[in-house]
file work_10.pdb (PDB, C-alpha atoms, pLDDT in the B column)
ATOM      1  CA  MET A 830     113.017  76.033  68.123  1.00 58.00           C
ATOM      2  CA  LYS A 831     109.805  74.602  69.520  1.00 59.00           C
ATOM      3  CA  HIS A 832     108.491  78.164  69.904  1.00 59.00           C
ATOM      4  CA  LEU A 833     109.181  78.888  66.216  1.00 56.00           C
ATOM      5  CA  LYS A 834     107.305  75.740  65.151  1.00 58.00           C
ATOM      6  CA  TYR A 835     104.312  76.778  67.262  1.00 55.00           C
ATOM      7  CA  ASN A 836     104.276  80.291  65.746  1.00 54.00           C
ATOM      8  CA  PHE A 837     104.623  78.864  62.236  1.00 57.00           C
ATOM      9  CA  LEU A 838     101.666  76.506  62.823  1.00 52.00           C
ATOM     10  CA  LEU A 839      99.597  79.404  64.149  1.00 51.00           C
ATOM     11  CA  PHE A 840     100.483  81.432  61.067  1.00 52.00           C
ATOM     12  CA  ILE A 841      99.451  78.571  58.750  1.00 56.00           C
ATOM     13  CA  ALA A 842      96.168  78.081  60.621  1.00 47.00           C
ATOM     14  CA  PHE A 843      95.453  81.815  60.426  1.00 51.00           C
ATOM     15  CA  PHE A 844      96.266  81.879  56.688  1.00 47.00           C
ATOM     16  CA  ILE A 845      93.944  78.941  55.972  1.00 49.00           C
ATOM     17  CA  ALA A 846      91.138  80.500  58.029  1.00 46.00           C
ATOM     18  CA  GLN A 847      91.527  83.831  56.213  1.00 51.00           C
ATOM     19  CA  THR A 848      91.488  82.100  52.833  1.00 45.00           C
ATOM     20  CA  LEU A 849      88.305  80.186  53.641  1.00 42.00           C
ATOM     21  CA  TRP A 850      86.672  83.300  55.088  1.00 45.00           C
ATOM     22  CA  ALA A 851      87.585  85.341  51.999  1.00 45.00           C
ATOM     23  CA  GLN A 852      85.918  82.781  49.769  1.00 43.00           C
ATOM     24  CA  LYS A 853      82.601  83.346  51.549  1.00 46.00           C
ATOM     25  CA  LYS A 854      82.341  87.026  50.665  1.00 49.00           C
ATOM     26  CA  GLU A 855      78.852  88.339  50.150  1.00 57.00           C
ATOM     27  CA  ALA A 856      77.351  88.099  46.698  1.00 70.00           C
ATOM     28  CA  VAL A 857      77.617  91.449  44.957  1.00 76.00           C
ATOM     29  CA  ASP A 858      75.745  92.687  41.907  1.00 77.00           C
ATOM     30  CA  PHE A 859      78.497  94.362  39.910  1.00 82.00           C
ATOM     31  CA  SER A 860      76.087  95.534  37.219  1.00 81.00           C
ATOM     32  CA  LYS A 861      75.573  98.792  39.143  1.00 82.00           C
ATOM     33  CA  SER A 862      79.180  99.305  40.161  1.00 93.00           C
ATOM     34  CA  LEU A 863      81.146 102.218  38.780  1.00 96.00           C
ATOM     35  CA  LYS A 864      84.711 102.092  37.540  1.00 95.00           C
ATOM     36  CA  ILE A 865      87.417 104.727  37.313  1.00 96.00           C
ATOM     37  CA  GLY A 866      86.520 107.051  34.453  1.00 97.00           C
ATOM     38  CA  ASP A 867      82.755 106.455  34.765  1.00 97.00           C
ATOM     39  CA  ARG A 868      80.318 109.335  35.182  1.00 97.00           C
ATOM     40  CA  PHE A 869      78.998 109.578  38.751  1.00 96.00           C
ATOM     41  CA  VAL A 870      75.243 110.065  38.815  1.00 94.00           C
ATOM     42  CA  PRO A 871      74.406 110.604  42.472  1.00 92.00           C
ATOM     43  CA  PRO A 872      71.622 108.541  43.985  1.00 91.00           C
ATOM     44  CA  ASN A 873      68.524 110.207  45.414  1.00 87.00           C
ATOM     45  CA  GLY A 874      67.528 110.093  49.051  1.00 83.00           C
ATOM     46  CA  ILE A 875      70.953 110.391  50.642  1.00 87.00           C
ATOM     47  CA  SER A 876      70.676 111.025  54.393  1.00 84.00           C
ATOM     48  CA  VAL A 877      73.344 113.279  55.897  1.00 90.00           C
ATOM     49  CA  PHE A 878      74.027 114.624  59.353  1.00 92.00           C
ATOM     50  CA  ARG A 879      76.909 116.410  61.084  1.00 92.00           C
ATOM     51  CA  GLY A 880      79.111 118.991  59.442  1.00 88.00           C
ATOM     52  CA  ASN A 881      77.373 121.870  57.707  1.00 79.00           C
ATOM     53  CA  MET A 882      75.253 119.719  55.423  1.00 72.00           C
ATOM     54  CA  VAL A 883      71.981 118.473  56.746  1.00 64.00           C
ATOM     55  CA  LYS A 884      70.522 118.827  53.257  1.00 70.00           C
ATOM     56  CA  PHE A 885      72.573 119.321  50.159  1.00 74.00           C
ATOM     57  CA  ASP A 886      72.411 119.219  46.405  1.00 83.00           C
ATOM     58  CA  TRP A 887      75.087 117.207  44.593  1.00 87.00           C
ATOM     59  CA  ASN A 888      75.020 119.849  41.840  1.00 87.00           C
ATOM     60  CA  THR A 889      76.492 122.435  44.231  1.00 88.00           C
ATOM     61  CA  LEU A 890      79.558 120.184  44.517  1.00 91.00           C
ATOM     62  CA  LYS A 891      80.183 119.787  40.764  1.00 87.00           C
ATOM     63  CA  ASP A 892      83.397 121.880  40.788  1.00 92.00           C
ATOM     64  CA  LYS A 893      84.756 120.373  44.000  1.00 96.00           C
ATOM     65  CA  VAL A 894      86.732 117.223  44.581  1.00 98.00           C
ATOM     66  CA  ILE A 895      84.338 114.862  46.352  1.00 98.00           C
ATOM     67  CA  ILE A 896      85.730 112.164  48.605  1.00 98.00           C
ATOM     68  CA  LEU A 897      83.494 109.348  49.778  1.00 98.00           C
ATOM     69  CA  ASP A 898      85.238 107.817  52.778  1.00 98.00           C
ATOM     70  CA  PHE A 899      83.430 104.548  53.529  1.00 97.00           C
ATOM     71  CA  PHE A 900      83.855 103.559  57.161  1.00 97.00           C
ATOM     72  CA  SER A 901      82.446 101.542  60.022  1.00 95.00           C
ATOM     73  CA  THR A 902      82.436 102.404  63.713  1.00 96.00           C
ATOM     74  CA  ALA A 903      84.317  99.137  64.303  1.00 95.00           C
ATOM     75  CA  CYS A 904      87.170 100.165  61.993  1.00 95.00           C
ATOM     76  CA  SER A 905      90.021 101.661  64.028  1.00 96.00           C
ATOM     77  CA  THR A 906      91.966 102.660  60.908  1.00 96.00           C
ATOM     78  CA  CYS A 907      88.924 104.577  59.679  1.00 96.00           C
ATOM     79  CA  ILE A 908      88.648 106.449  62.966  1.00 97.00           C
ATOM     80  CA  ASP A 909      92.379 107.208  63.052  1.00 97.00           C
ATOM     81  CA  ASP A 910      92.117 108.720  59.537  1.00 97.00           C
ATOM     82  CA  MET A 911      89.237 111.081  60.347  1.00 98.00           C
ATOM     83  CA  PRO A 912      91.299 113.904  61.913  1.00 98.00           C
ATOM     84  CA  LYS A 913      93.577 113.932  58.850  1.00 98.00           C
ATOM     85  CA  LEU A 914      90.519 114.155  56.610  1.00 98.00           C
ATOM     86  CA  GLN A 915      89.042 116.928  58.754  1.00 98.00           C
ATOM     87  CA  LYS A 916      92.255 118.954  58.335  1.00 98.00           C
ATOM     88  CA  LEU A 917      92.088 118.495  54.556  1.00 98.00           C
ATOM     89  CA  GLN A 918      88.426 119.537  54.562  1.00 97.00           C
ATOM     90  CA  ASP A 919      89.149 122.631  56.640  1.00 97.00           C
ATOM     91  CA  LYS A 920      92.120 123.679  54.517  1.00 98.00           C
ATOM     92  CA  TYR A 921      90.484 123.138  51.111  1.00 97.00           C
ATOM     93  CA  LYS A 922      86.806 123.747  51.938  1.00 95.00           C
ATOM     94  CA  ASP A 923      86.293 125.832  48.786  1.00 95.00           C
ATOM     95  CA  ARG A 924      87.601 123.052  46.511  1.00 97.00           C
ATOM     96  CA  LEU A 925      86.937 119.830  48.432  1.00 97.00           C
ATOM     97  CA  GLN A 926      84.027 118.040  50.082  1.00 96.00           C
ATOM     98  CA  ILE A 927      84.642 114.942  52.161  1.00 97.00           C
ATOM     99  CA  PHE A 928      81.824 112.679  53.306  1.00 97.00           C
ATOM    100  CA  ASN A 929      82.143 109.820  55.754  1.00 97.00           C
ATOM    101  CA  VAL A 930      79.822 107.089  54.444  1.00 97.00           C
ATOM    102  CA  ALA A 931      78.422 104.365  56.704  1.00 96.00           C
ATOM    103  CA  PHE A 932      75.905 101.557  56.361  1.00 94.00           C
ATOM    104  CA  GLN A 933      74.954 102.057  59.992  1.00 95.00           C
ATOM    105  CA  ASP A 934      71.826 103.922  61.074  1.00 95.00           C
ATOM    106  CA  LYS A 935      71.790 107.494  62.355  1.00 94.00           C
ATOM    107  CA  ALA A 936      71.111 106.566  66.004  1.00 96.00           C
ATOM    108  CA  THR A 937      74.106 104.204  66.108  1.00 96.00           C
ATOM    109  CA  LEU A 938      76.348 106.812  64.502  1.00 96.00           C
ATOM    110  CA  GLU A 939      75.116 109.636  66.764  1.00 96.00           C
ATOM    111  CA  LYS A 940      75.933 107.495  69.798  1.00 97.00           C
ATOM    112  CA  PHE A 941      79.341 106.672  68.337  1.00 97.00           C
ATOM    113  CA  TYR A 942      80.236 110.339  67.766  1.00 96.00           C
ATOM    114  CA  THR A 943      78.837 111.383  71.157  1.00 96.00           C
ATOM    115  CA  GLU A 944      80.931 108.798  73.005  1.00 97.00           C
ATOM    116  CA  ASN A 945      84.157 108.995  70.977  1.00 97.00           C
ATOM    117  CA  THR A 946      86.501 111.306  72.909  1.00 97.00           C
ATOM    118  CA  PHE A 947      89.285 110.973  70.307  1.00 97.00           C
ATOM    119  CA  LEU A 948      87.113 112.457  67.556  1.00 97.00           C
ATOM    120  CA  LYS A 949      85.786 115.140  69.911  1.00 96.00           C
ATOM    121  CA  GLU A 950      89.313 116.162  70.947  1.00 97.00           C
ATOM    122  CA  LYS A 951      90.363 116.316  67.280  1.00 97.00           C
ATOM    123  CA  LYS A 952      87.225 118.348  66.428  1.00 97.00           C
ATOM    124  CA  VAL A 953      86.109 115.969  63.690  1.00 97.00           C
ATOM    125  CA  ASN A 954      82.798 117.122  62.255  1.00 96.00           C
ATOM    126  CA  LEU A 955      82.699 115.846  58.696  1.00 97.00           C
ATOM    127  CA  PRO A 956      79.297 115.286  57.094  1.00 96.00           C
ATOM    128  CA  VAL A 957      78.181 111.684  57.489  1.00 96.00           C
ATOM    129  CA  ILE A 958      76.034 109.816  54.996  1.00 95.00           C
ATOM    130  CA  HIS A 959      74.206 107.173  57.020  1.00 94.00           C
ATOM    131  CA  ASN A 960      72.038 104.141  56.220  1.00 93.00           C
ATOM    132  CA  ASP A 961      73.935 103.866  52.964  1.00 92.00           C
ATOM    133  CA  GLY A 962      73.111 101.135  50.534  1.00 90.00           C
ATOM    134  CA  GLU A 963      73.126 102.952  47.212  1.00 93.00           C
ATOM    135  CA  LEU A 964      76.681 104.281  47.266  1.00 95.00           C
ATOM    136  CA  LYS A 965      77.995 100.884  48.326  1.00 94.00           C
ATOM    137  CA  LYS A 966      76.243  99.351  45.301  1.00 94.00           C
ATOM    138  CA  MET A 967      78.045 101.895  43.128  1.00 96.00           C
ATOM    139  CA  PHE A 968      81.382 101.278  44.851  1.00 96.00           C
ATOM    140  CA  PRO A 969      81.257  97.728  46.234  1.00 95.00           C
ATOM    141  CA  HIS A 970      83.870  96.846  48.798  1.00 94.00           C
ATOM    142  CA  TRP A 971      84.481  94.174  51.348  1.00 91.00           C
ATOM    143  CA  ALA A 972      86.563  96.098  53.854  1.00 93.00           C
ATOM    144  CA  GLU A 973      86.761  99.593  55.207  1.00 95.00           C
ATOM    145  CA  PRO A 974      88.331 102.035  54.913  1.00 96.00           C
ATOM    146  CA  HIS A 975      87.444 102.392  51.263  1.00 97.00           C
ATOM    147  CA  ALA A 976      87.861 105.708  49.466  1.00 98.00           C
ATOM    148  CA  VAL A 977      86.334 107.067  46.282  1.00 98.00           C
ATOM    149  CA  ILE A 978      87.442 110.317  44.670  1.00 98.00           C
ATOM    150  CA  ILE A 979      85.119 112.093  42.242  1.00 98.00           C
ATOM    151  CA  TYR A 980      85.923 115.273  40.319  1.00 97.00           C
ATOM    152  CA  LYS A 981      83.866 117.101  37.702  1.00 96.00           C
ATOM    153  CA  GLY A 982      81.334 114.272  37.835  1.00 95.00           C
ATOM    154  CA  ILE A 983      83.874 111.551  36.962  1.00 97.00           C
ATOM    155  CA  VAL A 984      85.128 108.768  39.220  1.00 98.00           C
ATOM    156  CA  GLN A 985      88.849 109.534  39.498  1.00 98.00           C
ATOM    157  CA  ALA A 986      89.953 106.896  42.005  1.00 98.00           C
ATOM    158  CA  ILE A 987      88.729 103.955  44.041  1.00 97.00           C
ATOM    159  CA  THR A 988      91.565 103.565  46.459  1.00 97.00           C
ATOM    160  CA  PHE A 989      93.000 103.287  49.932  1.00 96.00           C
ATOM    161  CA  SER A 990      92.416 105.941  52.586  1.00 94.00           C
ATOM    162  CA  ARG A 991      96.155 106.404  53.136  1.00 95.00           C
ATOM    163  CA  LEU A 992      96.279 107.979  49.647  1.00 97.00           C
ATOM    164  CA  LEU A 993      93.861 110.750  50.609  1.00 97.00           C
ATOM    165  CA  THR A 994      96.667 113.265  50.940  1.00 97.00           C
ATOM    166  CA  GLU A 995      97.067 116.961  50.332  1.00 97.00           C
ATOM    167  CA  GLU A 996      99.543 116.224  47.535  1.00 98.00           C
ATOM    168  CA  ASN A 997      97.089 113.958  45.711  1.00 98.00           C
ATOM    169  CA  ILE A 998      94.203 116.424  46.104  1.00 97.00           C
ATOM    170  CA  LEU A 999      96.343 119.271  44.734  1.00 98.00           C
ATOM    171  CA  LYS A1000      97.543 117.104  41.832  1.00 97.00           C
ATOM    172  CA  LEU A1001      93.945 116.291  40.912  1.00 98.00           C
ATOM    173  CA  LEU A1002      92.925 119.951  41.106  1.00 97.00           C
ATOM    174  CA  ARG A1003      95.936 120.980  39.005  1.00 97.00           C
ATOM    175  CA  ASP A1004      95.820 118.227  36.363  1.00 97.00           C
ATOM    176  CA  GLY A1005      92.100 117.411  36.330  1.00 96.00           C
ATOM    177  CA  ARG A1006      92.858 113.721  36.760  1.00 95.00           C
ATOM    178  CA  ILE A1007      94.850 111.404  38.983  1.00 97.00           C
ATOM    179  CA  GLU A1008      96.089 107.833  38.899  1.00 96.00           C
ATOM    180  CA  LEU A1009      96.174 106.026  42.223  1.00 97.00           C
ATOM    181  CA  PRO A1010      96.367 102.325  43.090  1.00 96.00           C
ATOM    182  CA  TYR A1011      92.981 100.635  42.707  1.00 95.00           C
ATOM    183  CA  LYS A1012      91.465  99.056  45.834  1.00 95.00           C
ATOM    184  CA  ASN A1013      89.908  95.921  44.417  1.00 90.00           C
ATOM    185  CA  ASP A1014      88.326  93.947  47.260  1.00 89.00           C
ATOM    186  CA  TYR A1015      86.694  91.427  44.925  1.00 86.00           C
ATOM    187  CA  ASN A1016      89.615  90.867  42.538  1.00 82.00           C
ATOM    188  CA  GLN A1017      87.559  92.020  39.588  1.00 75.00           C
ATOM    189  CA  VAL A1018      89.106  92.581  36.210  1.00 70.00           C
ATOM    190  CA  ILE A1019      89.174  96.321  35.605  1.00 62.00           C
TER
END
call {"tool": "encode", "arguments": {"input": "work_10.pdb", "output": "structure tokens"}}
result
Amino acid sequence: MKHLKYNFLLFIAFFIAQTLWAQKKEAVDFSKSLKIGDRFVPPNGISVFRGNMVKFDWNTLKDKVIILDFFSTACSTCIDDMPKLQKLQDKYKDRLQIFNVAFQDKATLEKFYTENTFLKEKKVNLPVIHNDGELKKMFPHWAEPHAVIIYKGIVQAITFSRLLTEENILKLLRDGRIELPYKNDYNQVI
């Protein structure tokens, strides 16, 4: 019984700490944020490496499903998802383009990919947008992974990475739209 009390007190302390921490989230300017159904106008000056896209033109992707997979090198869930995303990219390369998007600089990310044996073994080589600030302003989030799906220039979903499935991609390609749960890190009214 004493053990249960101790665990309960730890749980309460953790809950209070999380609540206080959540209240100190960074200030975000939502005036530039996009919502589901908004037109996506890509920002200029996007820096990409890895994959087959050192330079690219967003216009060449207009008929593809575009997935922006926001991640951090400290996010184990993000890293675990990358092989699944690579398989989707390989299978649907003519109709899909997945980008990993990170705020971190190119040198940090190059070191990360060079040293990560899991991603090497799984042959993950998705294009990576690095030093991102603009896309995060368009799709603000507090926690990674954070996924955005764009199709035909329209934001289709702002959601959880676990919903980046073959079934959902095929549904979007078939129907031209998709409804997925909204990942709302800031509890904004949508």
call {"tool": "residues_around", "arguments": {"input": "work_10.pdb", "residues": "stretch 878-888 of chain A", "least_positions_apart": "5", "cutoff": "6 Å", "atoms": "only C-alpha atoms", "output": "PDB file with C-alpha atoms, in the coordinates of the input"}}
result
ATOM      1  CA  ASN A 954      82.798 117.122  62.255  1.00 96.00           C
ATOM      2  CA  LEU A 955      82.699 115.846  58.696  1.00 97.00           C
ATOM      3  CA  PRO A 956      79.297 115.286  57.094  1.00 96.00           C
ATOM      4  CA  VAL A 957      78.181 111.684  57.489  1.00 96.00           C
TER       5      VAL A 957
END
call {"tool": "atom_distance", "arguments": {"input": "work_10.pdb", "atom1": "atom CA of A:Asp858", "atom2": "atom CA of A:Ala986"}}
result
20.1 Å
call {"tool": "closest_residue", "arguments": {"input": "work_10.pdb", "among": "A:Leu914, A:Ala936, A:Ile865, A:Val894", "to": "A:Leu1001", "atoms": "all atoms listed in the file"}}
result
A:Val894
call {"tool": "atom_distance", "arguments": {"input": "work_10.pdb", "atom1": "atom CA of A:Thr906", "atom2": "atom CA of A:Ile983"}}
result
26.8 Å
call {"tool": "closest_residue", "arguments": {"input": "work_10.pdb", "among": "A:Glu996, A:Glu939, A:Glu963, A:Asp1014", "to": "A:Pro872", "atoms": "only C-alpha atoms"}}
result
A:Glu963
